[in-house]
file start_24.txt (compact mmCIF, C-alpha atoms and all ligand atoms)
# COMPACT_ATOMS: atom_id res chain seq x y z
CA MET I 250 65.85 -69.04 268.78
CA GLN I 251 67.95 -66.57 266.78
CA LEU I 252 68.36 -67.61 263.12
CA LYS I 253 71.87 -67.60 261.79
CA LYS I 254 72.50 -64.54 259.65
CA LYS I 255 73.13 -65.11 255.96
CA ARG I 256 76.54 -64.24 254.52
CA VAL I 257 76.52 -61.70 251.69
CA LEU I 258 79.46 -60.53 249.61
CA LEU I 259 79.28 -56.91 248.46
CA LEU I 260 81.25 -56.34 245.29
CA HIS I 261 81.87 -52.70 244.49
CA THR I 262 82.45 -51.76 240.85
CA GLY I 263 81.75 -48.01 240.93
CA GLY I 264 79.01 -45.62 239.86
CA THR I 265 77.35 -42.73 241.65
CA PHE I 266 76.63 -44.80 244.77
CA GLY I 267 80.12 -44.38 246.23
CA MET I 268 80.95 -40.95 244.81
CA HIS I 269 80.54 -37.58 246.46
CA VAL I 270 79.19 -34.39 244.98
CA ASP I 271 81.75 -31.63 244.93
CA ALA I 272 79.99 -28.66 246.45
CA GLY I 273 81.75 -26.15 244.20
CA THR I 274 81.12 -27.69 240.80
CA ASN I 275 78.26 -30.03 241.57
CA GLN I 276 80.27 -32.58 239.63
CA VAL I 277 80.07 -36.17 240.77
CA GLN I 278 83.60 -37.25 241.71
CA PRO I 279 84.87 -40.72 242.56
CA SER I 280 85.64 -41.02 246.25
CA ASN I 281 88.52 -42.99 247.72
CA ALA I 282 88.40 -46.57 248.88
CA GLY I 283 88.39 -45.52 252.54
CA TYR I 284 84.92 -44.17 252.15
CA LEU I 285 83.71 -47.49 250.87
CA GLY I 286 85.34 -49.23 253.80
CA GLY I 287 83.08 -47.09 255.99
CA LEU I 288 79.85 -48.28 254.38
CA LEU I 289 78.84 -50.18 257.47
CA GLN I 290 79.26 -47.07 259.55
CA LYS I 291 77.00 -45.12 257.21
CA VAL I 292 74.32 -47.82 256.96
CA PRO I 293 74.67 -49.80 260.20
CA GLU I 294 71.36 -51.63 259.59
CA LEU I 295 73.15 -53.72 256.97
CA ALA I 296 74.92 -55.59 259.74
CA ASP I 297 71.52 -56.61 261.16
CA ILE I 298 70.40 -58.04 257.84
CA ALA I 299 73.46 -60.10 256.94
CA ASN I 300 77.06 -60.85 257.70
CA LEU I 301 78.68 -58.67 255.08
CA ASP I 302 82.03 -58.86 253.43
CA LEU I 303 83.24 -56.18 251.01
CA GLN I 304 85.43 -56.49 247.95
CA ILE I 305 86.25 -53.49 245.77
CA LEU I 306 86.72 -54.79 242.24
CA CYS I 307 87.10 -51.38 240.59
CA ASN I 308 85.72 -47.86 240.93
CA LEU I 309 84.49 -46.94 237.49
CA ASP I 310 81.83 -44.80 236.01
CA SER I 311 79.82 -47.61 234.45
CA SER I 312 80.30 -46.09 230.98
CA ASP I 313 83.75 -47.70 231.19
CA MET I 314 82.39 -51.20 231.81
CA ARG I 315 83.32 -53.76 229.17
CA ALA I 316 83.48 -57.47 228.51
CA VAL I 317 86.80 -58.04 230.25
CA ILE I 318 85.47 -56.52 233.50
CA TRP I 319 82.22 -58.51 233.25
CA ARG I 320 84.43 -61.56 233.09
CA THR I 321 86.43 -60.58 236.19
CA LEU I 322 83.17 -59.94 238.03
CA ALA I 323 81.69 -63.31 237.09
CA GLU I 324 84.92 -65.14 237.95
CA THR I 325 85.16 -63.36 241.30
CA ILE I 326 81.61 -64.35 242.23
CA VAL I 327 82.25 -67.97 241.32
CA SER I 328 85.60 -68.08 243.09
CA ARG I 329 83.91 -66.91 246.32
CA TRP I 330 80.70 -68.92 245.78
CA ASP I 331 81.09 -71.36 248.63
CA SER I 332 81.59 -68.73 251.31
CA PHE I 333 78.39 -66.73 250.72
CA ASP I 334 74.64 -67.16 250.54
CA GLY I 335 74.18 -64.23 248.18
CA PHE I 336 76.02 -61.49 246.29
CA VAL I 337 75.36 -57.76 245.86
CA VAL I 338 77.09 -55.89 243.06
CA VAL I 339 77.25 -52.11 243.50
CA HIS I 340 77.31 -50.69 240.00
CA GLY I 341 76.69 -47.45 238.09
CA THR I 342 73.19 -47.20 236.75
CA ASP I 343 74.13 -46.23 233.20
CA THR I 344 75.22 -49.68 232.07
CA MET I 345 73.91 -51.81 234.94
CA ALA I 346 71.44 -53.58 232.65
CA TYR I 347 74.25 -54.60 230.27
CA THR I 348 76.29 -56.05 233.15
CA ALA I 349 73.23 -57.88 234.47
CA SER I 350 72.72 -59.44 231.03
CA ALA I 351 76.39 -60.35 230.73
CA LEU I 352 76.41 -62.11 234.12
CA SER I 353 73.18 -63.89 233.16
CA PHE I 354 74.71 -65.21 229.94
CA PHE I 355 78.11 -66.03 231.46
CA MET I 356 76.79 -67.99 234.45
CA GLU I 357 74.65 -71.08 234.09
CA ASN I 358 72.88 -72.84 236.96
CA VAL I 359 72.83 -69.95 239.38
CA THR I 360 71.46 -71.26 242.66
CA LYS I 361 71.95 -68.18 244.84
CA PRO I 362 70.83 -64.55 244.52
CA ILE I 363 73.11 -62.16 242.64
CA VAL I 364 71.71 -58.64 243.03
CA LEU I 365 72.91 -55.52 241.20
CA THR I 366 72.13 -52.13 242.64
CA GLY I 367 73.41 -48.56 242.73
CA SER I 368 71.84 -45.14 243.03
CA GLN I 369 70.94 -41.93 241.27
CA ARG I 370 72.43 -39.84 244.09
CA PRO I 371 75.57 -40.68 246.11
CA LEU I 372 75.25 -42.30 249.51
CA SER I 373 77.06 -39.34 251.05
CA VAL I 374 74.49 -36.67 250.13
CA LEU I 375 71.15 -35.69 251.54
CA ARG I 376 68.06 -37.05 249.80
CA SER I 377 69.89 -40.06 248.44
CA ASP I 378 68.30 -43.23 247.14
CA ALA I 379 71.53 -45.14 247.86
CA ARG I 380 70.59 -46.06 251.41
CA ALA I 381 67.23 -47.66 250.60
CA ASN I 382 68.61 -49.40 247.53
CA ILE I 383 71.52 -51.05 249.35
CA ILE I 384 69.31 -52.15 252.25
CA ASP I 385 66.79 -53.72 249.83
CA ALA I 386 69.54 -55.32 247.76
CA VAL I 387 71.28 -56.90 250.77
CA GLU I 388 67.97 -58.18 252.09
CA LEU I 389 67.13 -59.62 248.67
CA ALA I 390 70.51 -61.33 248.60
CA THR I 391 69.54 -63.24 251.75
CA LEU I 392 66.26 -64.57 250.38
CA GLY I 393 67.55 -67.49 248.36
CA ILE I 394 66.03 -66.50 245.00
CA PRO I 395 68.23 -68.19 242.39
CA GLU I 396 68.36 -65.30 239.93
CA ILE I 397 70.56 -62.51 238.66
CA MET I 398 68.51 -59.38 239.42
CA ILE I 399 68.53 -55.61 239.48
CA CYS I 400 67.06 -54.17 242.68
CA PHE I 401 66.35 -50.46 242.44
CA ASP I 402 63.80 -48.07 243.90
CA SER I 403 61.94 -50.90 245.64
CA LYS I 404 61.52 -52.94 242.44
CA VAL I 405 63.23 -56.18 241.53
CA HIS I 406 63.79 -57.03 237.87
CA ARG I 407 65.26 -60.03 236.10
CA GLY I 408 68.75 -59.11 234.88
CA THR I 409 67.96 -59.82 231.24
CA ARG I 410 64.59 -58.05 231.24
CA VAL I 411 65.30 -54.55 232.43
CA THR I 412 66.33 -51.24 230.95
CA LYS I 413 67.45 -47.88 232.31
CA TYR I 414 64.82 -45.42 231.23
CA SER I 415 65.34 -42.32 233.36
CA SER I 416 68.46 -40.32 234.15
CA GLU I 417 66.39 -38.15 236.49
CA HIS I 418 63.84 -40.20 238.41
CA MET I 419 64.79 -42.34 241.38
CA GLN I 420 62.87 -45.06 239.55
CA ALA I 421 65.64 -45.31 236.98
CA PHE I 422 64.78 -48.79 235.71
CA ARG I 423 61.80 -50.56 234.33
CA GLY I 424 61.10 -54.00 233.00
CA TYR I 425 61.40 -54.53 229.28
CA ASN I 426 58.54 -56.67 227.98
CA ALA I 427 58.35 -58.27 231.41
CA PRO I 428 56.82 -57.39 234.78
CA PRO I 429 59.08 -56.98 237.82
CA LEU I 430 59.94 -60.14 239.74
CA GLY I 431 59.01 -58.47 243.00
CA SER I 432 58.77 -55.26 244.98
CA PHE I 433 59.61 -53.93 248.43
CA GLY I 434 56.72 -52.20 250.16
CA VAL I 435 55.67 -52.83 253.74
CA HIS I 436 56.51 -56.43 252.83
CA PHE I 437 58.60 -57.92 250.07
CA ARG I 438 56.18 -59.27 247.46
CA VAL I 439 57.33 -61.74 244.86
CA ASN I 440 55.68 -62.33 241.53
CA LYS I 441 55.84 -66.12 241.95
CA ARG I 442 54.70 -66.90 238.43
CA SER I 443 57.65 -64.99 236.96
CA LEU I 444 60.30 -66.66 239.09
CA ARG I 445 62.26 -69.56 237.77
CA ARG I 446 61.66 -72.83 239.47
CA LYS I 447 64.46 -73.59 241.90
CA ALA I 448 67.06 -75.68 240.14
CA GLN I 449 67.14 -79.31 241.13
CA ILE I 450 70.79 -78.95 241.97
CA SER I 451 72.49 -78.30 245.27
CA THR I 452 73.35 -74.71 246.16
CA LEU I 453 76.82 -76.10 246.80
CA ALA I 454 77.28 -76.57 243.06
CA LYS I 455 79.06 -73.62 241.50
CA PRO I 456 77.54 -72.01 238.41
CA CYS I 457 79.09 -73.12 235.12
CA LEU I 458 81.04 -70.23 233.65
CA ASP I 459 81.49 -69.33 230.02
CA CYS I 460 82.70 -65.74 229.86
CA ARG I 461 83.60 -65.60 226.20
CA ALA I 462 82.35 -62.36 224.63
CA ASN I 463 83.64 -60.17 221.83
CA ASP I 464 82.64 -56.55 222.26
CA ASN I 465 83.90 -55.45 218.85
CA ILE I 466 80.41 -54.55 217.64
CA ILE I 467 78.68 -51.39 216.50
CA ALA I 468 75.12 -50.20 217.19
CA ILE I 469 73.50 -47.77 214.79
CA ASP I 470 70.27 -45.82 215.17
CA CYS I 471 68.40 -44.94 211.98
CA VAL I 472 66.60 -41.59 211.67
CA PRO I 473 64.31 -40.55 208.81
CA GLY I 474 66.27 -39.70 205.68
CA MET I 475 69.54 -41.12 207.03
CA ASN I 476 71.76 -42.69 204.43
CA LEU I 477 75.10 -44.41 204.81
CA SER I 478 77.75 -43.56 202.26
CA PRO I 479 79.81 -46.38 200.68
CA THR I 480 82.82 -45.08 202.66
CA VAL I 481 80.92 -45.42 205.93
CA ILE I 482 79.64 -48.90 204.97
CA ASN I 483 83.15 -50.05 204.10
CA ALA I 484 84.54 -48.61 207.30
CA ILE I 485 81.90 -50.45 209.36
CA VAL I 486 82.22 -53.78 207.60
CA SER I 487 85.99 -53.75 207.70
CA SER I 488 86.29 -52.89 211.37
CA VAL I 489 83.64 -54.71 213.45
CA ARG I 490 82.57 -58.34 214.00
CA GLY I 491 78.85 -57.67 214.59
CA ILE I 492 76.27 -54.98 213.85
CA VAL I 493 73.10 -53.95 215.69
CA ILE I 494 70.70 -51.61 213.92
CA ARG I 495 67.93 -49.90 215.81
CA GLY I 496 65.15 -49.66 213.25
CA PHE I 497 61.73 -48.06 213.51
CA GLY I 498 58.73 -49.78 215.09
CA SER I 499 58.77 -53.52 214.50
CA GLY I 500 62.23 -53.31 212.90
CA ASN I 501 61.79 -51.29 209.71
CA LEU I 502 64.39 -49.31 207.77
CA PRO I 503 64.35 -47.15 204.62
CA ILE I 504 64.34 -49.17 201.39
CA GLU I 505 63.66 -46.45 198.77
CA SER I 506 67.27 -45.45 199.13
CA SER I 507 69.48 -48.51 199.08
CA SER I 508 72.15 -47.74 201.66
CA TRP I 509 70.73 -49.81 204.55
CA ILE I 510 70.19 -52.75 202.23
CA SER I 511 73.72 -52.28 200.95
CA LEU I 512 75.12 -52.30 204.51
CA CYS I 513 73.31 -55.58 205.24
CA GLU I 514 74.38 -57.17 201.95
CA ASN I 515 77.98 -56.20 202.55
CA ALA I 516 77.86 -57.53 206.08
CA PHE I 517 76.33 -60.80 204.84
CA LYS I 518 79.10 -61.24 202.25
CA ASN I 519 81.65 -60.82 205.01
CA LYS I 520 79.77 -63.14 207.42
CA ILE I 521 79.20 -60.32 209.87
CA PRO I 522 75.93 -60.90 211.74
CA VAL I 523 73.43 -58.03 211.75
CA VAL I 524 70.75 -57.89 214.45
CA MET I 525 67.65 -55.72 214.11
CA ALA I 526 66.47 -54.00 217.29
CA THR I 527 63.69 -51.47 217.74
CA GLN I 528 63.69 -47.85 218.85
CA CYS I 529 60.45 -48.51 220.74
CA SER I 530 60.59 -48.85 224.50
CA ALA I 531 58.30 -51.90 224.46
CA GLY I 532 57.04 -54.50 222.02
CA MET I 533 58.92 -56.77 219.70
CA VAL I 534 60.77 -56.86 216.43
CA SER I 535 58.64 -58.55 213.75
CA LEU I 536 60.58 -58.27 210.55
CA ASN I 537 57.90 -59.98 208.49
CA ALA I 538 55.21 -57.42 209.33
CA TYR I 539 56.14 -54.88 206.61
CA GLU I 540 57.94 -54.70 203.32
CA ASN I 541 60.52 -52.44 205.02
CA GLY I 542 61.34 -55.26 207.41
CA ARG I 543 61.03 -58.20 204.99
CA ALA I 544 63.71 -56.65 202.77
CA PHE I 545 66.12 -57.25 205.64
CA VAL I 546 64.94 -60.79 206.37
CA GLU I 547 65.94 -61.50 202.76
CA ARG I 548 69.41 -60.10 203.55
CA GLY I 549 69.88 -62.50 206.46
CA VAL I 550 69.27 -60.01 209.28
CA ILE I 551 68.56 -61.56 212.69
CA SER I 552 65.44 -60.50 214.59
CA GLY I 553 65.99 -58.99 218.03
CA ASN I 554 62.67 -60.54 218.99
CA ASP I 555 61.34 -59.08 222.26
CA MET I 556 64.75 -58.56 223.84
CA SER I 557 65.84 -55.35 225.53
CA PHE I 558 68.52 -53.46 223.65
CA GLU I 559 71.00 -54.18 226.45
CA SER I 560 70.33 -57.88 226.41
CA LEU I 561 70.40 -58.13 222.65
CA THR I 562 73.75 -56.35 222.25
CA VAL I 563 75.37 -58.48 224.95
CA LYS I 564 73.91 -61.64 223.37
CA LEU I 565 75.56 -60.66 220.10
CA MET I 566 78.89 -60.25 221.91
CA VAL I 567 78.43 -63.68 223.46
CA MET I 568 77.55 -65.24 220.09
CA LEU I 569 80.74 -63.80 218.61
CA GLY I 570 82.84 -64.78 221.63
CA ARG I 571 81.59 -68.37 221.46
CA GLN I 572 82.30 -68.43 217.73
CA ILE I 573 78.81 -69.65 216.88
CA SER I 574 78.83 -70.37 213.15
CA PHE I 575 77.34 -67.70 210.90
CA ASP I 576 74.87 -70.25 209.53
CA THR I 577 73.34 -70.97 212.95
CA ARG I 578 73.08 -67.34 214.07
CA HIS I 579 69.27 -67.23 213.78
CA GLU I 580 68.82 -70.32 215.95
CA PHE I 581 71.26 -68.97 218.54
CA PHE I 582 69.35 -65.73 218.79
CA ALA I 583 65.89 -67.29 218.85
CA LYS I 584 66.68 -69.58 221.78
CA PRO I 585 66.68 -68.00 225.25
CA LEU I 586 69.95 -68.40 227.13
CA SER I 587 68.66 -66.81 230.32
CA ASP I 588 64.99 -65.88 229.83
CA GLU I 589 66.01 -62.81 227.80
CA CYS I 590 63.43 -63.56 225.10
CA ILE I 591 60.27 -65.54 224.63
CA HIS I 592 60.45 -68.95 223.05
CA GLN I 593 59.38 -68.29 219.48
CA ASP I 594 56.27 -70.45 219.86
CA ASP I 595 55.10 -68.76 223.11
CA ASP I 596 52.71 -65.84 223.11
CA ILE I 597 54.04 -62.54 224.42
N1 LIG H 601 77.37 -42.26 235.56
C1 LIG H 601 76.95 -43.09 236.66
C2 LIG H 601 77.36 -44.52 236.32
O1 LIG H 601 76.66 -45.24 235.67
C3 LIG H 601 75.46 -42.96 236.87
C4 LIG H 601 74.93 -43.58 238.14
O2 LIG H 601 75.50 -44.49 238.71
N2 LIG H 601 73.80 -43.10 238.61
O3 LIG H 601 78.42 -44.92 236.73
call {"tool": "encode", "arguments": {"input": "start_24.txt", "output": "structure tokens"}}
result
Amino acid sequence: MQLKKKRVLLLHTGGTFGMHVDAGTNQVQPSNAGYLGGLLQKVPELADIANLDLQILCNLDSSDMRAVIWRTLAETIVSRWDSFDGFVVVHGTDTMAYTASALSFFMENVTKPIVLTGSQRPLSVLRSDARANIIDAVELATLGIPEIMICFDSKVHRGTRVTKYSSEHMQAFRGYNAPPLGSFGVHFRVNKRSLRRKAQISTLAKPCLDCRANDNIIAIDCVPGMNLSPTVINAIVSSVRGIVIRGFGSGNLPIESSSWISLCENAFKNKIPVVMATQCSAGMVSLNAYENGRAFVERGVISGNDMSFESLTVKLMVMLGRQISFDTRHEFFAKPLSDECIHQDDDI
């Protein structure tokens, strides 16, 4: 007996996947919508895996992604929820992890797979990773895993626990403080212990949507010897609603010169939340570990905990969008919304 094929909606948002490389300049150029309409002709196997429908939401380099487009994407998925068993979002790799976090925070009670993918090389060129990635992503979207995921180079990551780490390798993504959820080899292997338990709700129920997010934030990297002038501090505090600082190691900043402390004190006075992240590519922020971190705990700085930079910045946008009171900012950050951080009392 032939099993009925699953229905998958492919939502195109842009990125290298659908572009072509101009032979003369080697520049990656956006291609026209007609090319995307021909996807099934280029990768006919997709039709064997699922009944596909295609919707082109936009055709952006993902550097131009922002909160308002995340919202449109989430609303589109929910508006078409009943007609599909799974969703594949074709997206540029540069900010894919931010979009995956945003969808994870915007959508509660996800009972069907939502899979983001893209490629390092366009589908139209030789030696492209686009073909394998889209085949894996569509297959994953038929498997009923109730998660928002990034599927890339045969690995599957939770949307809130992944980071882009290479602009060169086909393996562009890796997990951040978390192992992959699964991988495609000869078979698809799932890391069962990492998967969420299936929700006790019907897949007919639509996810609850809360797409409020305020992206008026700034992220600053500290380097040794870097000081912020009073003019810069004033400019920051008077123009943004939230601040992320990427400190050293477990979240440390210079204290012998007072400018970082001054930034945090000024932000505190103006009820602008400051979140400390780390420049390390693994591990967690532990502000109490050193004097150079404790000084910022005393100034009300929020710990980024073990969150990826992408997840942490989007969580700050969500906190601002939901108008969480300044006094409860630490609690909001410490509590996972979508498995983006450990519960404070769990071991990492
Ligand atoms: N600049 C592209 C983007 O993120 C990179 C890619 O998709 N590989 O849209």
call {"tool": "atom_distance", "arguments": {"input": "start_24.txt", "atom1": "atom CA of I:Gln420", "atom2": "atom CA of I:Lys404"}}
result
8.5 Å
call {"tool": "closest_residue", "arguments": {"input": "start_24.txt", "among": "I:Ile363, I:Leu502, I:Leu309, I:Val439", "to": "ligand LIG 601 (chain H)", "atoms": "only C-alpha atoms and all ligand atoms"}}
result
I:Leu309
call {"tool": "residues_around", "arguments": {"input": "start_24.txt", "residues": "stretch 292-306 of chain I", "least_positions_apart": "3", "cutoff": "7 Å", "atoms": "all atoms listed in the file", "output": "short mmCIF file (atom, residue, chain, number, x, y, z; two decimals) with C-alpha atoms, keeping the file's coordinate frame"}}
result
data_model
loop_
_atom_site.label_atom_id
_atom_site.label_comp_id
_atom_site.auth_asym_id
_atom_site.auth_seq_id
_atom_site.Cartn_x
_atom_site.Cartn_y
_atom_site.Cartn_z
CA LYS I 254 72.50 -64.54 259.65
CA LYS I 255 73.13 -65.11 255.96
CA ARG I 256 76.54 -64.24 254.52
CA VAL I 257 76.52 -61.70 251.69
CA LEU I 258 79.46 -60.53 249.61
CA LEU I 259 79.28 -56.91 248.46
CA LEU I 260 81.25 -56.34 245.29
CA HIS I 261 81.87 -52.70 244.49
CA THR I 262 82.45 -51.76 240.85
CA LEU I 288 79.85 -48.28 254.38
CA LEU I 289 78.84 -50.18 257.47
CA ARG I 380 70.59 -46.06 251.41
CA ILE I 384 69.31 -52.15 252.25
CA GLU I 388 67.97 -58.18 252.09
#
call {"tool": "residues_near_point", "arguments": {"input": "start_24.txt", "point": "(67.4, -53.4, 221.7)", "cutoff": "8 Å", "atoms": "all atoms listed in the file", "output": "PyMOL selection string"}}
result
chain I and resi 495+525-528+553+556-562
call {"tool": "closest_residue", "arguments": {"input": "start_24.txt", "among": "I:Ala316, I:Ala346, I:Val327, I:Ile521", "to": "ligand LIG 601 (chain H)", "atoms": "all atoms listed in the file"}}
result
I:Ala346
call {"tool": "residues_around", "arguments": {"input": "start_24.txt", "residues": "I:Ser478", "least_positions_apart": "6", "cutoff": "12 Å", "atoms": "all atoms listed in the file", "output": "list in words"}}
result
Ala484, Ile485, Ser506, Ser507, Ser508, Trp509, Ile510, Ser511 and Leu512 of chain I
call {"tool": "residues_near_ligand", "arguments": {"input": "start_24.txt", "ligand": "ligand LIG 601 (chain H)", "cutoff": "7 Å", "atoms": "only C-alpha atoms and all ligand atoms", "output": "list in words"}}
result
Gly263, Gly264, Thr265, Phe266, Leu309, Asp310, Ser311, Ser312, His340, Gly341, Thr342, Asp343, Thr344, Gly367, Ser368, Gln369 and Arg370 of chain I
call {"tool": "write_last_selection", "arguments": {"input": "start_24.txt", "atoms": "C-alpha atoms", "output": "mmCIF file, in the coordinates of the input"}}
result
data_model
loop_
_atom_site.group_PDB
_atom_site.id
_atom_site.type_symbol
_atom_site.label_atom_id
_atom_site.label_comp_id
_atom_site.auth_asym_id
_atom_site.auth_seq_id
_atom_site.Cartn_x
_atom_site.Cartn_y
_atom_site.Cartn_z
ATOM 1 C CA GLY I 263 81.750 -48.010 240.930
ATOM 2 C CA GLY I 264 79.010 -45.620 239.860
ATOM 3 C CA THR I 265 77.350 -42.730 241.650
ATOM 4 C CA PHE I 266 76.630 -44.800 244.770
ATOM 5 C CA LEU I 309 84.490 -46.940 237.490
ATOM 6 C CA ASP I 310 81.830 -44.800 236.010
ATOM 7 C CA SER I 311 79.820 -47.610 234.450
ATOM 8 C CA SER I 312 80.300 -46.090 230.980
ATOM 9 C CA HIS I 340 77.310 -50.690 240.000
ATOM 10 C CA GLY I 341 76.690 -47.450 238.090
ATOM 11 C CA THR I 342 73.190 -47.200 236.750
ATOM 12 C CA ASP I 343 74.130 -46.230 233.200
ATOM 13 C CA THR I 344 75.220 -49.680 232.070
ATOM 14 C CA GLY I 367 73.410 -48.560 242.730
ATOM 15 C CA SER I 368 71.840 -45.140 243.030
ATOM 16 C CA GLN I 369 70.940 -41.930 241.270
ATOM 17 C CA ARG I 370 72.430 -39.840 244.090
#
call {"tool": "atom_distance", "arguments": {"input": "start_24.txt", "atom1": "atom CA of I:Ala583", "atom2": "atom CA of I:Lys564"}}
result
10.8 Å
call {"tool": "closest_residue", "arguments": {"input": "start_24.txt", "among": "I:Asn440, I:Tyr414, I:Arg445, I:Asn483", "to": "I:Cys529", "atoms": "all atoms listed in the file"}}
result
I:Tyr414
call {"tool": "atom_distance", "arguments": {"input": "start_24.txt", "atom1": "atom CA of I:Ile504", "atom2": "atom CA of I:Glu547"}}
result
12.5 Å
call {"tool": "axis_aligned_box", "arguments": {"input": "start_24.txt", "around": "stretch 477-487 of chain I", "padding_each_side": "4 Å", "output": "JSON"}}
result
{"center_x": 80.5, "center_y": -48.7, "center_z": 205.0, "size_x": 18.9, "size_y": 18.2, "size_z": 16.7}
call {"tool": "residues_around", "arguments": {"input": "start_24.txt", "residues": "stretch 460-466 of chain I", "least_positions_apart": "6", "cutoff": "6 Å", "atoms": "all atoms listed in the file", "output": "count of residues only"}}
result
11
call {"tool": "closest_residue", "arguments": {"input": "start_24.txt", "among": "I:Cys457, I:Cys307, I:Ile482, I:Leu586", "to": "I:Asn358", "atoms": "all atoms listed in the file"}}
result
I:Cys457
call {"tool": "closest_residue", "arguments": {"input": "start_24.txt", "among": "I:Glu357, I:Asp402, I:Asp334, I:Asp470", "to": "I:Ser377", "atoms": "all atoms listed in the file"}}
result
I:Asp402
